[in-house]
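Asks: My file is final_2.cif. It has mmCIF, C-alpha atoms:
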```cif
data_run
#
loop_
_atom_site.label_atom_id
_atom_site.label_comp_id
_atom_site.auth_asym_id
_atom_site.auth_seq_id
_atom_site.Cartn_x
_atom_site.Cartn_y
_atom_site.Cartn_z
CA MET A 1219 14.79 38.62 -26.25
CA THR A 1220 15.08 36.08 -23.43
CA ASN A 1221 16.61 32.66 -23.08
CA ASN A 1222 13.11 31.11 -23.38
CA GLY A 1223 13.72 28.92 -20.35
CA LYS A 1224 16.89 27.38 -21.75
CA ARG A 1225 19.62 26.64 -19.22
CA VAL A 1226 22.76 26.29 -21.37
CA CYS A 1227 24.30 28.92 -23.63
CA ARG A 1228 26.87 27.59 -26.07
CA MET A 1229 29.10 30.28 -27.59
CA ILE A 1230 31.12 29.77 -30.77
CA GLY A 1231 33.99 31.87 -32.11
CA LEU A 1232 36.41 31.46 -34.96
CA GLY A 1233 39.39 30.07 -33.03
CA PRO A 1234 40.81 26.53 -33.39
CA SER A 1235 38.77 25.03 -30.53
CA ALA A 1236 35.54 25.75 -32.46
CA VAL A 1237 35.92 22.29 -34.03
CA GLU A 1238 35.32 20.81 -30.56
CA CYS A 1239 31.80 22.22 -30.45
CA PRO A 1240 29.28 19.39 -30.47
CA ALA A 1241 27.06 19.29 -33.55
CA SER A 1242 24.06 18.10 -31.54
CA ARG A 1243 22.45 19.82 -28.61
CA ASP A 1244 19.82 19.28 -25.97
CA GLU A 1245 16.50 21.11 -25.98
CA ASP A 1246 17.69 23.34 -23.14
CA THR A 1247 20.70 24.66 -25.13
CA GLU A 1248 20.82 27.90 -27.09
CA VAL A 1249 23.74 28.64 -29.42
CA PHE A 1250 25.33 32.08 -29.85
CA GLY A 1251 28.05 32.72 -32.42
CA ILE A 1252 30.11 35.55 -33.81
CA GLN A 1253 30.10 36.60 -37.45
CA TYR A 1254 30.32 33.82 -40.01
CA THR A 1255 29.99 30.98 -37.49
CA TRP A 1256 26.49 30.68 -38.97
CA GLU A 1257 28.13 29.11 -42.01
CA ASN A 1258 29.17 26.00 -40.07
CA TRP A 1259 26.88 25.76 -37.05
CA LYS A 1260 23.16 26.07 -36.43
CA LEU A 1261 22.95 29.24 -34.36
CA ASP A 1262 20.02 30.74 -32.50
CA ARG A 1263 21.63 34.19 -32.39
CA ALA A 1264 24.72 35.81 -33.88
CA PHE A 1265 26.75 38.84 -32.79
CA VAL A 1266 28.48 41.35 -35.06
CA MET A 1267 29.33 44.08 -32.59
CA ASP A 1268 31.96 45.88 -34.69
CA ASP A 1269 31.33 49.37 -36.01
CA TYR A 1270 29.18 49.19 -39.16
CA ASN A 1271 31.57 51.11 -41.45
CA TRP A 1272 34.61 49.24 -40.14
CA ILE A 1273 33.15 45.75 -40.62
CA ILE A 1274 31.87 46.59 -44.12
CA ALA A 1275 35.34 47.90 -45.11
CA LYS A 1276 37.08 44.90 -43.52
CA ASN A 1277 34.93 42.40 -45.41
CA HIS A 1278 35.46 44.24 -48.69
CA SER A 1279 39.25 44.19 -48.19
CA PHE A 1280 39.58 40.40 -48.49
CA ASP A 1281 41.00 38.79 -51.62
CA ASN A 1282 37.52 37.34 -52.08
CA PRO A 1283 35.37 40.19 -50.70
CA LYS A 1284 32.39 39.20 -48.58
CA ASP A 1285 29.06 41.00 -48.52
CA ILE A 1286 28.42 40.82 -44.79
CA GLU A 1287 25.00 42.44 -45.13
CA GLU A 1288 23.80 39.78 -47.57
CA ASP A 1289 25.45 37.04 -45.51
CA MET A 1290 23.67 38.26 -42.37
CA ARG A 1291 20.32 38.27 -44.19
CA LYS A 1292 20.94 34.72 -45.45
CA ALA A 1293 21.69 33.55 -41.91
CA LYS A 1294 17.98 34.06 -41.10
CA ILE A 1295 18.61 34.41 -37.38
CA PRO A 1296 18.68 37.44 -35.09
CA VAL A 1297 22.04 39.19 -35.47
CA TYR A 1298 22.93 41.48 -32.57
CA VAL A 1299 24.66 44.70 -33.59
CA SER A 1300 25.59 47.92 -31.77
CA LYS A 1301 23.06 49.93 -33.81
CA LYS A 1302 20.32 48.48 -36.03
CA TRP A 1303 21.51 48.13 -39.64
CA PRO A 1304 18.98 49.73 -41.99
CA ASN A 1305 19.54 47.23 -44.83
CA VAL A 1306 19.42 44.06 -42.71
CA SER A 1307 15.99 43.41 -41.19
CA ASN A 1308 17.14 40.58 -38.92
CA THR A 1309 19.58 42.80 -36.99
CA VAL A 1310 18.73 43.43 -33.35
CA GLU A 1311 20.13 46.42 -31.53
CA TYR A 1312 22.08 45.15 -28.53
CA PRO A 1313 20.48 46.36 -25.27
CA ILE A 1314 23.65 48.14 -24.18
CA GLU A 1315 22.10 50.51 -21.62
CA GLU A 1316 20.27 47.68 -19.89
CA ILE A 1317 23.44 45.56 -19.85
CA LYS A 1318 25.67 48.46 -18.70
CA SER A 1319 23.37 49.05 -15.74
CA LYS A 1320 24.20 45.53 -14.60
CA PHE A 1321 27.78 45.28 -15.89
CA PRO A 1322 29.37 48.77 -15.97
CA HIS A 1323 32.55 47.58 -17.66
CA TYR A 1324 34.28 48.12 -20.95
CA PHE A 1325 33.39 45.49 -23.55
CA MET A 1326 36.39 44.58 -25.70
CA ASP A 1327 34.92 42.14 -28.23
CA SER A 1328 31.81 40.25 -29.31
CA PHE A 1329 32.42 37.51 -26.75
CA ALA A 1330 32.20 40.04 -23.91
CA TYR A 1331 28.82 41.17 -25.24
CA MET A 1332 27.66 37.56 -25.59
CA PHE A 1333 28.76 36.69 -22.04
CA ALA A 1334 27.05 39.74 -20.55
CA LEU A 1335 23.77 39.00 -22.36
CA ALA A 1336 23.85 35.31 -21.41
CA ILE A 1337 24.41 36.14 -17.74
CA HIS A 1338 21.77 38.88 -17.86
CA GLU A 1339 19.24 36.46 -19.37
CA GLY A 1340 19.89 33.90 -16.63
CA PHE A 1341 21.60 31.02 -18.41
CA GLU A 1342 22.90 28.61 -15.78
CA ARG A 1343 25.83 27.29 -17.79
CA ILE A 1344 27.97 28.85 -20.52
CA GLU A 1345 30.07 26.71 -22.86
CA LEU A 1346 32.79 28.35 -24.93
CA TYR A 1347 34.26 27.11 -28.21
CA GLY A 1348 36.60 28.84 -30.62
#
```
Would you mind writing the file's structure down as structure tokens?
Replies:
Amino acid sequence: MTNNGKRVCRMIGLGPSAVECPASRDEDTEVFGIQYTWENWKLDRAFVMDDYNWIIAKNHSFDNPKDIEEDMRKAKIPVYVSKKWPNVSNTVEYPIEEIKSKFPHYFMDSFAYMFALAIHEGFERIELYG
């Protein structure tokens, strides 16, 4: 996937500053978000880079368990994951080898993966919320 000529990449997380993210956007803006930000913002791509078994177990441990697989399908956007999920057709395997050839560093969280992909794809500006 490429940035399709868009210049700005807006990234949304789950922290308090997410509320500062503008609801509107220009044509040259693409929006990335981590898991469940698709519930409150219109995303172009989402990132769930956690281990499959771990994230399934985590979401089932809540008082009100969440079915992350079904939620990802309902999002109807490409969802980047470390390895393609067999039960979720809109998952996209993150191009880790391609990214590591450019950025040979340890990636700690989904934001690191989002940043690396945005830089790799040539976005000129990155905005961060949450």
Asks: Would you please work out which residue, of A:Ala1236, A:Val1297, A:Glu1287, A:Glu1311, is nearest to Ala1275 in chain A when using only C-alpha atoms?
Replies: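 Of the candidates, the smallest distance to Ala1275 in chain A is held by A:Glu1287.
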Asks: Carefully work through the PyMOL selection byres ((chain A and resi 1253) around 7) for this structure and note down the residues it includes, as a compact mmCIF listing (two decimals) with C-alpha atoms, keeping the file's coordinate frame.
Replies:
```
# COMPACT_ATOMS: atom_id res chain seq x y z
CA GLY A 1251 28.05 32.72 -32.42
CA ILE A 1252 30.11 35.55 -33.81
CA TYR A 1254 30.32 33.82 -40.01
CA THR A 1255 29.99 30.98 -37.49
CA ALA A 1264 24.72 35.81 -33.88
CA PHE A 1265 26.75 38.84 -32.79
CA VAL A 1266 28.48 41.35 -35.06
```
Asks: Find the residues near Tyr1347 in chain A: any atom within 10 Å, counting all atoms listed in the file, skip ones fewer than 5 places away on the same chain, and give them as a ChimeraX atom specification.
Replies: /A:1228-1240,1251
Asks: Could you save those same residues with C-alpha atoms as a PDB file, keeping the file's coordinate frame?
Replies:
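And here is the file that came out, again_19.pdb:
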```pdb
ATOM      1  CA  ARG A1228      26.870  27.590 -26.070  1.00  0.00           C
ATOM      2  CA  MET A1229      29.100  30.280 -27.590  1.00  0.00           C
ATOM      3  CA  ILE A1230      31.120  29.770 -30.770  1.00  0.00           C
ATOM      4  CA  GLY A1231      33.990  31.870 -32.110  1.00  0.00           C
ATOM      5  CA  LEU A1232      36.410  31.460 -34.960  1.00  0.00           C
ATOM      6  CA  GLY A1233      39.390  30.070 -33.030  1.00  0.00           C
ATOM      7  CA  PRO A1234      40.810  26.530 -33.390  1.00  0.00           C
ATOM      8  CA  SER A1235      38.770  25.030 -30.530  1.00  0.00           C
ATOM      9  CA  ALA A1236      35.540  25.750 -32.460  1.00  0.00           C
ATOM     10  CA  VAL A1237      35.920  22.290 -34.030  1.00  0.00           C
ATOM     11  CA  GLU A1238      35.320  20.810 -30.560  1.00  0.00           C
ATOM     12  CA  CYS A1239      31.800  22.220 -30.450  1.00  0.00           C
ATOM     13  CA  PRO A1240      29.280  19.390 -30.470  1.00  0.00           C
ATOM     14  CA  GLY A1251      28.050  32.720 -32.420  1.00  0.00           C
TER      15      GLY A1251
END
```
Asks: Would you mind listing what lies within 10 Å of Lys1301 in chain A as a ChimeraX atom specification, with only C-alpha atoms counted and same-chain residues fewer than 3 positions away left out?
Replies: /A:1267-1270,1298,1304,1309-1314
Asks: Can you work out the spacing between CA of Met1290 in chain A and CA of Asp1262 in chain A in Å, to one decimal?
Replies: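 So the answer is 12.9 Å.
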Asks: So which one's closest to Ser1319 in chain A, A:Asn1282, A:His1338, A:Lys1260, A:Lys1302? Using all atoms listed in the file, please.
Replies: A:His1338
Asks: Kindly indicate which residue among A:Asn1271, A:Val1306, A:Trp1256, A:Phe1250 lies nearest to Tyr1331 in chain A, using all atoms listed in the file for the distances.
Replies: A:Phe1250
Asks: What does the distance from CA of Gly1223 in chain A to CA of Leu1261 in chain A come to in Å, to one decimal?
Replies: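 Straight-line distance from CA of Gly1223 in chain A to CA of Leu1261 in chain A works out to 16.8 Å.
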Asks: Measuring atom to atom with only C-alpha atoms, identify which of A:Ala1330, A:Ile1286, A:Ile1274, A:Ala1293 is nearest to Leu1346 in chain A.
Replies: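 Nearest to Leu1346 in chain A: A:Ala1330.
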Asks: Excluding Ile1344 in chain A and residues on its chain fewer than 4 positions from it, collect all residues at most 12 Å away from it, counting only C-alpha atoms, and give them as a ChimeraX atom specification.
Replies: /A:1224-1230,1246-1250,1329,1332-1337,1339-1340
Asks: To one decimal in Å, tell me the separation between CA of Glu1288 in chain A and CA of Asn1221 in chain A.
Replies: 26.5 Å
Asks: Please enclose the listed atoms of range 1310-1314 of chain A in an axis-aligned box, pad each side by 8 Å, and write out the centre and the three edge lengths in Å, rounded to one decimal, as lines of an AutoDock Vina configuration file.
Replies:
```
center_x = 21.2
center_y = 45.8
center_z = -28.8
size_x = 20.9
size_y = 20.7
size_z = 25.2
```
Asks: Choose the residue, out of A:Asn1258, A:Arg1291, A:Glu1345, A:His1323, that has the smallest atom-to-atom separation from Asn1308 in chain A; count all atoms listed in the file.
Replies: A:Arg1291
Asks: Restricting the calculation to all atoms listed in the file, which member of A:Glu1245, A:Glu1257, A:Glu1342, A:Trp1272 is positioned closest to Ile1295 in chain A?
Replies: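 Closest to Ile1295 in chain A of all the choices is A:Glu1257.
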